[in-house]
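To start, the structure itself, in structure tokens.
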Amino acid sequence: MKACVLRKDNISLAGVEIVDMPDPEPGPDEVLIKVRAASLNYRDYLIVTDNYATAGVDHDVILLSDAAGEVAATGGNVSRFKTGDRVAGTFFQVWKNGPMTYHPPALGVPLEGVLAEYITLHEDGVVAVPPSLSFEEAASLPCAGVTAWNATMVAGQSVRPGETVLSLGTGGVSLFAAQFAAAAGARLILTSSSDEKLERALSLFPGRDVMGINYNKIPDWEKEVMKITGGRGADHIIELGGPGTLSRSYQALAFGGKIALIGFRPDNTGDCNPGPLMQKDGRIHGVGVGNTSMFEEMNRAIEINRIKPHVDKVFPLAETVDAFRLLGSGKFVGKIAISIL
């Protein structure tokens, strides 16, 4: 089979290669998945550019954590899936349900990733995907989708109708969070670095109460949030900027509001003084993707509400490096996918 690996002795875009590997075979509790599509997360870009702080690459590793495909074969003990089922792997292998009591290993690093023609996963680390979605759309769910679902519907407090949700950025997690919040009846505020990306993102919410802020044009965007909300602030903030934006999120938060803190950034400089958060009786909740039960619950909501993940561009496997370059440029909205025929 073909697989895309990162060479351990060349951790860079130049070390990303398409190689031939033996086809895997499922163990007794595993399913063999014919991968049809995969998607990229910012985490993947940090890994291939040697900026991922929480885990190193000590062998030639198959890249990416998110993929969808069809079950090609099952091990003898497998009961949850059968050949032909449309499925996706979970980010963590395996965190079935309940709170996180330890840090389970993730696909892509430290575990082998999913950017290959075939992969094997434990049946408890696999979910059925919504039938209304394409493989490219379904491949966007395991990390970005589940993270956004956890942030908006699980961690600390769920979004309620009429509340205001501020989602920073127009990437995968940000747009998923906005889509889930919109389905719950929330008012939306999105931020972005350009008017063009904002226009594209806002067009995904026709007829909804949604506004955009270009933070390059309005650096003090927290003041604009307060203006938009009549001085109240945002009830929920999807915070992806880390220390660089956290102090502004404190200022933009409503009294009693919640900040969902997401993601890793190589630049950890910024003012993290929690004083403003304390003064507003606010909460901050770290979100580390989510478990299998959350994934399945999210999929039901996606199907019922006919939510469509926004895939900005699809690359063939042979152009994986170009997909990474687009991810690094930030010149996209939503998700970037790779098709594997």
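If you're wondering about the labels, chains in the structure tokens are A, B, ... by order shown, residues count from 1 in each chain, ligands from 1 in order shown.
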With a cut-off of 8 Å, could you pull out the residues of segment 101-187 of chain A touching segment 275-299 of chain A and give me the nearest pair of atoms for each, distance in Å to one decimal, using only C-alpha atoms, ordered by chain and ascending number, as a tab-separated table?
```
residue	atom	partner	partner_atom	distance
A:Asp124	CA	A:Thr292	CA	7.7
A:Gly125	CA	A:Thr292	CA	7.0
A:Val126	CA	A:Thr292	CA	7.8
A:Val127	CA	A:Glu296	CA	6.7
A:Ala128	CA	A:Glu296	CA	7.7
A:Val129	CA	A:Asn299	CA	6.7
A:Pro130	CA	A:Asn299	CA	5.8
A:Pro142	CA	A:Phe295	CA	7.3
A:Cys143	CA	A:Val289	CA	5.9
A:Ala144	CA	A:Val289	CA	7.5
A:Val146	CA	A:Phe295	CA	5.7
A:Thr147	CA	A:Val289	CA	4.0
A:Ala148	CA	A:Val289	CA	7.8
A:Trp149	CA	A:Met298	CA	6.4
A:Asn150	CA	A:Gly290	CA	6.2
A:Ala151	CA	A:Val287	CA	6.4
A:Ala155	CA	A:His285	CA	6.8
A:Gly156	CA	A:His285	CA	6.8
```
- Please identify which residues in segment 104-245 of chain A DSSP calls strand (DSSP E or B) from the backbone, and express them as a ChimeraX atom specification. /A:106,116,118-122,126-128,164-167,171,187-192,210-214,234-239
Using C-alpha atoms, can you export the residues from the last selection as a PDB file, in the first residue's frame?
```pdb
ATOM      1  CA  ALA A 106      -3.259   9.906  19.795  1.00  0.00           C
ATOM      2  CA  ALA A 116      -2.304   5.486   4.125  1.00  0.00           C
ATOM      3  CA  TYR A 118      -5.181   0.928   4.703  1.00  0.00           C
ATOM      4  CA  ILE A 119      -5.078   1.215   8.505  1.00  0.00           C
ATOM      5  CA  THR A 120      -6.029  -1.071  11.394  1.00  0.00           C
ATOM      6  CA  LEU A 121      -7.702   0.257  14.562  1.00  0.00           C
ATOM      7  CA  HIS A 122      -9.260  -1.264  17.663  1.00  0.00           C
ATOM      8  CA  VAL A 126     -13.757   3.582  15.477  1.00  0.00           C
ATOM      9  CA  VAL A 127     -17.169   5.210  14.927  1.00  0.00           C
ATOM     10  CA  ALA A 128     -19.765   5.072  12.169  1.00  0.00           C
ATOM     11  CA  THR A 164     -23.553  34.727  22.277  1.00  0.00           C
ATOM     12  CA  VAL A 165     -20.662  32.547  21.128  1.00  0.00           C
ATOM     13  CA  LEU A 166     -17.384  34.165  20.053  1.00  0.00           C
ATOM     14  CA  SER A 167     -15.257  31.827  17.943  1.00  0.00           C
ATOM     15  CA  GLY A 171     -10.307  27.289  10.703  1.00  0.00           C
ATOM     16  CA  ARG A 187     -25.792  34.332  18.278  1.00  0.00           C
ATOM     17  CA  LEU A 188     -22.382  34.116  16.581  1.00  0.00           C
ATOM     18  CA  ILE A 189     -19.331  36.363  16.355  1.00  0.00           C
ATOM     19  CA  LEU A 190     -16.387  35.179  14.236  1.00  0.00           C
ATOM     20  CA  THR A 191     -12.936  36.703  13.959  1.00  0.00           C
ATOM     21  CA  SER A 192     -10.453  36.418  11.114  1.00  0.00           C
ATOM     22  CA  VAL A 210     -23.786  36.211  12.899  1.00  0.00           C
ATOM     23  CA  MET A 211     -21.187  38.984  12.697  1.00  0.00           C
ATOM     24  CA  GLY A 212     -17.503  39.108  11.810  1.00  0.00           C
ATOM     25  CA  ILE A 213     -14.499  41.041  13.115  1.00  0.00           C
ATOM     26  CA  ASN A 214     -11.274  41.501  11.147  1.00  0.00           C
ATOM     27  CA  ALA A 234     -19.767  36.771  24.925  1.00  0.00           C
ATOM     28  CA  ASP A 235     -21.245  33.956  26.991  1.00  0.00           C
ATOM     29  CA  HIS A 236     -18.904  31.411  25.401  1.00  0.00           C
ATOM     30  CA  ILE A 237     -15.513  32.001  23.796  1.00  0.00           C
ATOM     31  CA  ILE A 238     -13.751  29.408  21.653  1.00  0.00           C
ATOM     32  CA  GLU A 239     -10.164  30.400  22.390  1.00  0.00           C
TER      33      GLU A 239
END
```
- Message: What does the structure give for the distance between atom CA of Cys272 of chain A and atom CA of Glu224 of chain A, in Å to one decimal?
- Response: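 Separating atom CA of Cys272 of chain A from atom CA of Glu224 of chain A is a distance of 20.5 Å.
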- Task: Would you work out the distance separating atom CA of Ser194 of chain A from atom CA of Thr245 of chain A, expressed in Å to one decimal?
- Result: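 We find that atom CA of Ser194 of chain A and atom CA of Thr245 of chain A lie 17.0 Å from each other.
With distances restricted to only C-alpha atoms, A:Ile307 is the closest residue to Ala181 of chain A from A:Leu107, A:Ala254, A:Ile307, A:Leu63.
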Could you give me, as a PDB file with N, CA and C atoms, in the first residue's frame, the residues within 7 Å of Ala68 of chain A, counting only C-alpha atoms and dropping anything in the same chain fewer than 6 positions from it?
```pdb
ATOM      1  N   VAL A  35      -8.924   3.452   3.659  1.00  0.00           N
ATOM      2  CA  VAL A  35      -9.026   4.899   3.846  1.00  0.00           C
ATOM      3  C   VAL A  35      -9.400   5.560   2.522  1.00  0.00           C
ATOM      4  N   ARG A  36     -10.422   6.394   2.563  1.00  0.00           N
ATOM      5  CA  ARG A  36     -10.867   7.123   1.379  1.00  0.00           C
ATOM      6  C   ARG A  36     -10.464   8.595   1.419  1.00  0.00           C
ATOM      7  N   ALA A  37     -10.331   9.153   2.617  1.00  0.00           N
ATOM      8  CA  ALA A  37      -9.947  10.559   2.733  1.00  0.00           C
ATOM      9  C   ALA A  37      -9.377  10.797   4.118  1.00  0.00           C
ATOM     10  N   ALA A  38      -8.527  11.811   4.205  1.00  0.00           N
ATOM     11  CA  ALA A  38      -7.954  12.246   5.478  1.00  0.00           C
ATOM     12  C   ALA A  38      -8.029  13.768   5.531  1.00  0.00           C
ATOM     13  N   VAL A  87     -16.801   4.471   8.173  1.00  0.00           N
ATOM     14  CA  VAL A  87     -16.319   4.732   9.532  1.00  0.00           C
ATOM     15  C   VAL A  87     -15.210   5.787   9.531  1.00  0.00           C
ATOM     16  N   ALA A  88     -14.911   6.262  10.745  1.00  0.00           N
ATOM     17  CA  ALA A  88     -13.746   7.113  10.986  1.00  0.00           C
ATOM     18  C   ALA A  88     -13.086   6.644  12.269  1.00  0.00           C
ATOM     19  N   GLY A  89     -11.792   6.852  12.363  1.00  0.00           N
ATOM     20  CA  GLY A  89     -11.078   6.545  13.596  1.00  0.00           C
ATOM     21  C   GLY A  89     -11.209   7.686  14.587  1.00  0.00           C
ATOM     22  N   PHE A 135     -16.771  11.298   2.230  1.00  0.00           N
ATOM     23  CA  PHE A 135     -15.612  10.836   2.991  1.00  0.00           C
ATOM     24  C   PHE A 135     -14.721  12.010   3.392  1.00  0.00           C
ATOM     25  N   ALA A 138     -16.428  13.676   6.309  1.00  0.00           N
ATOM     26  CA  ALA A 138     -16.344  12.825   7.497  1.00  0.00           C
ATOM     27  C   ALA A 138     -14.935  12.795   8.068  1.00  0.00           C
ATOM     28  N   ALA A 139     -13.930  12.893   7.194  1.00  0.00           N
ATOM     29  CA  ALA A 139     -12.537  12.874   7.652  1.00  0.00           C
ATOM     30  C   ALA A 139     -12.172  14.112   8.456  1.00  0.00           C
TER      31      ALA A 139
END
```
DSSP helix (DSSP H, G or I) residues within segment 114-268 of chain A, listed as an mmCIF file with N, CA and C atoms, in the first residue's frame:
```
data_model
loop_
_atom_site.group_PDB
_atom_site.id
_atom_site.type_symbol
_atom_site.label_atom_id
_atom_site.label_comp_id
_atom_site.auth_asym_id
_atom_site.auth_seq_id
_atom_site.Cartn_x
_atom_site.Cartn_y
_atom_site.Cartn_z
ATOM 1 N N GLU A 123 -11.634 -1.778 17.495
ATOM 2 C CA GLU A 123 -13.033 -1.444 17.188
ATOM 3 C C GLU A 123 -13.603 -0.372 18.116
ATOM 4 N N ASP A 124 -13.070 -0.237 19.340
ATOM 5 C CA ASP A 124 -13.553 0.803 20.248
ATOM 6 C C ASP A 124 -12.965 2.170 19.921
ATOM 7 N N GLY A 125 -12.022 2.210 18.977
ATOM 8 C CA GLY A 125 -11.458 3.474 18.519
ATOM 9 C C GLY A 125 -11.953 3.832 17.130
ATOM 10 N N PHE A 135 -16.771 11.298 2.230
ATOM 11 C CA PHE A 135 -15.612 10.836 2.991
ATOM 12 C C PHE A 135 -14.721 12.010 3.392
ATOM 13 N N GLU A 136 -14.577 13.001 2.511
ATOM 14 C CA GLU A 136 -13.749 14.168 2.841
ATOM 15 C C GLU A 136 -14.349 14.941 4.010
ATOM 16 N N GLU A 137 -15.670 15.100 4.010
ATOM 17 C CA GLU A 137 -16.332 15.789 5.121
ATOM 18 C C GLU A 137 -16.216 14.984 6.409
ATOM 19 N N ALA A 138 -16.428 13.676 6.309
ATOM 20 C CA ALA A 138 -16.344 12.825 7.497
ATOM 21 C C ALA A 138 -14.935 12.795 8.068
ATOM 22 N N LEU A 141 -13.856 15.241 10.952
ATOM 23 C CA LEU A 141 -14.528 15.194 12.251
ATOM 24 C C LEU A 141 -13.663 14.784 13.443
ATOM 25 N N PRO A 142 -12.756 13.806 13.358
ATOM 26 C CA PRO A 142 -12.181 13.211 14.571
ATOM 27 C C PRO A 142 -11.506 14.178 15.531
ATOM 28 N N CYS A 143 -10.736 15.126 15.042
ATOM 29 C CA CYS A 143 -10.063 16.077 15.940
ATOM 30 C C CYS A 143 -10.832 17.391 16.016
ATOM 31 N N ALA A 144 -10.952 18.101 14.898
ATOM 32 C CA ALA A 144 -11.574 19.427 14.908
ATOM 33 C C ALA A 144 -13.043 19.365 15.309
ATOM 34 N N GLY A 145 -13.787 18.429 14.728
ATOM 35 C CA GLY A 145 -15.210 18.330 15.035
ATOM 36 C C GLY A 145 -15.470 17.977 16.484
ATOM 37 N N VAL A 146 -14.809 16.935 16.976
ATOM 38 C CA VAL A 146 -15.038 16.491 18.352
ATOM 39 C C VAL A 146 -14.559 17.549 19.348
ATOM 40 N N THR A 147 -13.443 18.208 19.044
ATOM 41 C CA THR A 147 -12.970 19.291 19.915
ATOM 42 C C THR A 147 -14.024 20.385 20.037
ATOM 43 N N ALA A 148 -14.585 20.797 18.902
ATOM 44 C CA ALA A 148 -15.601 21.847 18.907
ATOM 45 C C ALA A 148 -16.863 21.394 19.632
ATOM 46 N N TRP A 149 -17.260 20.137 19.434
ATOM 47 C CA TRP A 149 -18.439 19.618 20.127
ATOM 48 C C TRP A 149 -18.225 19.629 21.641
ATOM 49 N N ASN A 150 -17.071 19.150 22.070
ATOM 50 C CA ASN A 150 -16.727 19.157 23.491
ATOM 51 C C ASN A 150 -16.760 20.586 24.035
ATOM 52 N N ALA A 151 -16.169 21.530 23.296
ATOM 53 C CA ALA A 151 -16.074 22.910 23.751
ATOM 54 C C ALA A 151 -17.433 23.584 23.880
ATOM 55 N N THR A 152 -18.345 23.278 22.958
ATOM 56 C CA THR A 152 -19.634 23.968 22.948
ATOM 57 C C THR A 152 -20.733 23.229 23.694
ATOM 58 N N MET A 153 -20.681 21.895 23.719
ATOM 59 C CA MET A 153 -21.806 21.129 24.219
ATOM 60 C C MET A 153 -21.508 20.262 25.442
ATOM 61 N N VAL A 154 -20.246 20.125 25.815
ATOM 62 C CA VAL A 154 -19.918 19.208 26.901
ATOM 63 C C VAL A 154 -19.161 19.897 28.030
ATOM 64 N N GLY A 172 -10.885 24.977 11.111
ATOM 65 C CA GLY A 172 -11.792 23.863 11.316
ATOM 66 C C GLY A 172 -12.522 23.881 12.645
ATOM 67 N N VAL A 173 -11.788 23.985 13.765
ATOM 68 C CA VAL A 173 -12.423 23.983 15.081
ATOM 69 C C VAL A 173 -13.356 25.176 15.219
ATOM 70 N N SER A 174 -12.896 26.343 14.782
ATOM 71 C CA SER A 174 -13.688 27.568 14.912
ATOM 72 C C SER A 174 -15.016 27.454 14.177
ATOM 73 N N LEU A 175 -14.983 26.961 12.934
ATOM 74 C CA LEU A 175 -16.214 26.853 12.159
ATOM 75 C C LEU A 175 -17.131 25.763 12.697
ATOM 76 N N PHE A 176 -16.574 24.637 13.106
ATOM 77 C CA PHE A 176 -17.406 23.601 13.710
ATOM 78 C C PHE A 176 -18.107 24.139 14.953
ATOM 79 N N ALA A 177 -17.368 24.850 15.800
ATOM 80 C CA ALA A 177 -17.972 25.402 17.013
ATOM 81 C C ALA A 177 -19.112 26.351 16.658
ATOM 82 N N ALA A 178 -18.900 27.180 15.640
ATOM 83 C CA ALA A 178 -19.947 28.108 15.212
ATOM 84 C C ALA A 178 -21.155 27.349 14.671
ATOM 85 N N GLN A 179 -20.919 26.281 13.911
ATOM 86 C CA GLN A 179 -22.030 25.498 13.363
ATOM 87 C C GLN A 179 -22.845 24.819 14.469
ATOM 88 N N PHE A 180 -22.156 24.260 15.463
ATOM 89 C CA PHE A 180 -22.867 23.612 16.569
ATOM 90 C C PHE A 180 -23.632 24.647 17.398
ATOM 91 N N ALA A 181 -22.994 25.804 17.629
ATOM 92 C CA ALA A 181 -23.650 26.862 18.401
ATOM 93 C C ALA A 181 -24.876 27.394 17.659
ATOM 94 N N ALA A 182 -24.764 27.530 16.338
ATOM 95 C CA ALA A 182 -25.899 28.007 15.540
ATOM 96 C C ALA A 182 -27.055 27.020 15.619
ATOM 97 N N ALA A 183 -26.735 25.725 15.574
ATOM 98 C CA ALA A 183 -27.785 24.715 15.667
ATOM 99 C C ALA A 183 -28.491 24.760 17.023
ATOM 100 N N ASP A 195 -10.893 40.185 5.425
ATOM 101 C CA ASP A 195 -12.296 40.352 5.056
ATOM 102 C C ASP A 195 -12.758 39.218 4.152
ATOM 103 N N GLU A 196 -11.859 38.758 3.270
ATOM 104 C CA GLU A 196 -12.226 37.705 2.322
ATOM 105 C C GLU A 196 -12.574 36.412 3.050
ATOM 106 N N LYS A 197 -11.770 36.033 4.043
ATOM 107 C CA LYS A 197 -12.066 34.817 4.799
ATOM 108 C C LYS A 197 -13.329 34.991 5.640
ATOM 109 N N LEU A 198 -13.506 36.177 6.198
ATOM 110 C CA LEU A 198 -14.722 36.431 6.970
ATOM 111 C C LEU A 198 -15.970 36.309 6.095
ATOM 112 N N GLU A 199 -15.890 36.872 4.898
ATOM 113 C CA GLU A 199 -17.030 36.819 3.998
ATOM 114 C C GLU A 199 -17.388 35.376 3.668
ATOM 115 N N ARG A 200 -16.375 34.571 3.403
ATOM 116 C CA ARG A 200 -16.618 33.168 3.084
ATOM 117 C C ARG A 200 -17.203 32.422 4.279
ATOM 118 N N ALA A 201 -16.674 32.696 5.470
ATOM 119 C CA ALA A 201 -17.170 32.024 6.667
ATOM 120 C C ALA A 201 -18.606 32.430 6.986
ATOM 121 N N LEU A 202 -18.894 33.721 6.901
ATOM 122 C CA LEU A 202 -20.232 34.199 7.231
ATOM 123 C C LEU A 202 -21.273 33.682 6.245
ATOM 124 N N TRP A 221 -10.153 43.868 19.294
ATOM 125 C CA TRP A 221 -11.412 43.229 18.930
ATOM 126 C C TRP A 221 -12.298 42.952 20.131
ATOM 127 N N GLU A 222 -11.697 42.863 21.310
ATOM 128 C CA GLU A 222 -12.510 42.628 22.500
ATOM 129 C C GLU A 222 -13.479 43.792 22.750
ATOM 130 N N LYS A 223 -13.047 45.017 22.404
ATOM 131 C CA LYS A 223 -13.929 46.176 22.551
ATOM 132 C C LYS A 223 -15.079 46.112 21.545
ATOM 133 N N GLU A 224 -14.786 45.593 20.346
ATOM 134 C CA GLU A 224 -15.831 45.453 19.333
ATOM 135 C C GLU A 224 -16.863 44.407 19.765
ATOM 136 N N VAL A 225 -16.390 43.340 20.418
ATOM 137 C CA VAL A 225 -17.315 42.330 20.927
ATOM 138 C C VAL A 225 -18.262 42.946 21.953
ATOM 139 N N MET A 226 -17.687 43.757 22.845
ATOM 140 C CA MET A 226 -18.530 44.406 23.857
ATOM 141 C C MET A 226 -19.533 45.357 23.202
ATOM 142 N N LYS A 227 -19.101 46.034 22.156
ATOM 143 C CA LYS A 227 -19.996 46.949 21.435
ATOM 144 C C LYS A 227 -21.133 46.180 20.768
ATOM 145 N N ILE A 228 -20.796 45.093 20.075
ATOM 146 C CA ILE A 228 -21.787 44.286 19.371
ATOM 147 C C ILE A 228 -22.830 43.743 20.339
ATOM 148 N N PRO A 243 -1.946 32.213 24.928
ATOM 149 C CA PRO A 243 -1.532 33.408 25.655
ATOM 150 C C PRO A 243 -1.565 34.684 24.822
ATOM 151 N N GLY A 244 -1.414 34.569 23.509
ATOM 152 C CA GLY A 244 -1.399 35.753 22.665
ATOM 153 C C GLY A 244 -2.731 36.476 22.603
ATOM 154 N N THR A 245 -3.829 35.769 22.857
ATOM 155 C CA THR A 245 -5.153 36.388 22.773
ATOM 156 C C THR A 245 -5.968 36.247 24.058
ATOM 157 N N LEU A 246 -5.459 35.504 25.025
ATOM 158 C CA LEU A 246 -6.248 35.165 26.204
ATOM 159 C C LEU A 246 -6.680 36.400 26.988
ATOM 160 N N SER A 247 -5.793 37.375 27.124
ATOM 161 C CA SER A 247 -6.160 38.565 27.896
ATOM 162 C C SER A 247 -7.316 39.311 27.232
ATOM 163 N N ARG A 248 -7.356 39.327 25.905
ATOM 164 C CA ARG A 248 -8.467 39.981 25.200
ATOM 165 C C ARG A 248 -9.754 39.176 25.378
ATOM 166 N N SER A 249 -9.631 37.848 25.408
ATOM 167 C CA SER A 249 -10.808 37.020 25.636
ATOM 168 C C SER A 249 -11.386 37.284 27.031
ATOM 169 N N TYR A 250 -10.527 37.464 28.022
ATOM 170 C CA TYR A 250 -11.020 37.824 29.348
ATOM 171 C C TYR A 250 -11.890 39.080 29.279
ATOM 172 N N GLN A 251 -11.402 40.066 28.524
ATOM 173 C CA GLN A 251 -12.117 41.337 28.441
ATOM 174 C C GLN A 251 -13.433 41.194 27.671
ATOM 175 N N ALA A 252 -13.470 40.268 26.707
ATOM 176 C CA ALA A 252 -14.660 40.095 25.864
ATOM 177 C C ALA A 252 -15.710 39.193 26.494
#
```
- Query: Can you list, as a list in words, every protein, DNA or RNA residue that comes within 6 Å of Ile338 of chain A when you count only C-alpha atoms, leaving out same-chain residues fewer than 4 positions away?
  - Reply: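 Using only C-alpha atoms, the neighbours found are Ala37, Ala38, Ser39, Val314, Phe315, Pro316 and Leu317 of chain A.
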Save the residues we just selected, N, CA and C atoms, as a PDB file, in the first residue's frame?
```pdb
ATOM      1  N   ALA A  37     -10.331   9.153   2.617  1.00  0.00           N
ATOM      2  CA  ALA A  37      -9.947  10.559   2.733  1.00  0.00           C
ATOM      3  C   ALA A  37      -9.377  10.797   4.118  1.00  0.00           C
ATOM      4  N   ALA A  38      -8.527  11.811   4.205  1.00  0.00           N
ATOM      5  CA  ALA A  38      -7.954  12.246   5.478  1.00  0.00           C
ATOM      6  C   ALA A  38      -8.029  13.768   5.531  1.00  0.00           C
ATOM      7  N   SER A  39      -7.847  14.323   6.713  1.00  0.00           N
ATOM      8  CA  SER A  39      -7.831  15.782   6.827  1.00  0.00           C
ATOM      9  C   SER A  39      -6.688  16.229   7.715  1.00  0.00           C
ATOM     10  N   VAL A 314      -9.455  19.977  -1.524  1.00  0.00           N
ATOM     11  CA  VAL A 314      -9.088  18.565  -1.459  1.00  0.00           C
ATOM     12  C   VAL A 314      -7.885  18.321  -2.352  1.00  0.00           C
ATOM     13  N   PHE A 315      -6.841  17.704  -1.786  1.00  0.00           N
ATOM     14  CA  PHE A 315      -5.621  17.379  -2.524  1.00  0.00           C
ATOM     15  C   PHE A 315      -5.532  15.867  -2.723  1.00  0.00           C
ATOM     16  N   PRO A 316      -4.903  15.420  -3.810  1.00  0.00           N
ATOM     17  CA  PRO A 316      -4.596  13.990  -3.923  1.00  0.00           C
ATOM     18  C   PRO A 316      -3.430  13.639  -3.002  1.00  0.00           C
ATOM     19  N   LEU A 317      -3.274  12.363  -2.702  1.00  0.00           N
ATOM     20  CA  LEU A 317      -2.212  11.920  -1.802  1.00  0.00           C
ATOM     21  C   LEU A 317      -0.839  12.399  -2.261  1.00  0.00           C
TER      22      LEU A 317
END
```
Write out as a compact mmCIF listing (two decimals) with C-alpha atoms, in the first residue's frame which residues come within 7 Å of Asp60 of chain A when counting only C-alpha atoms, dropping same-chain ones fewer than 2 positions away.
```txt
# COMPACT_ATOMS: atom_id res chain seq x y z
CA VAL A 5 5.41 9.23 6.32
CA LEU A 6 7.56 11.77 8.10
CA ARG A 7 11.21 10.74 8.20
CA LYS A 8 12.61 10.76 11.73
CA ILE A 62 2.70 7.67 9.17
```
- Task: Enter the distance from atom CA of Lys258 of chain A to atom CA of Met100 of chain A, in Å, rounded to one decimal.
- Result: 19.6 Å
- Task: Give the answer as one residue: which of A:Pro219, A:Lys313, A:Glu70, A:Ala301 has the shortest atom-to-atom distance to Leu327 of chain A, using only C-alpha atoms?
- Result: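 For Leu327 of chain A, the nearest of the candidates is A:Lys313.
The closest residue to Val109 of chain A, picked from A:Val321, A:Pro274, A:Pro131, A:Val61 and counting only C-alpha atoms, is A:Val61.
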- Task: Identify which of the residues A:Thr83, A:Ser203, A:Ser12, A:Thr90 lies closest to Ser140 of chain A, counting only C-alpha atoms when measuring atom-to-atom distances.
- Result: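 With only C-alpha atoms as the atom set, the closest residue is A:Thr90.
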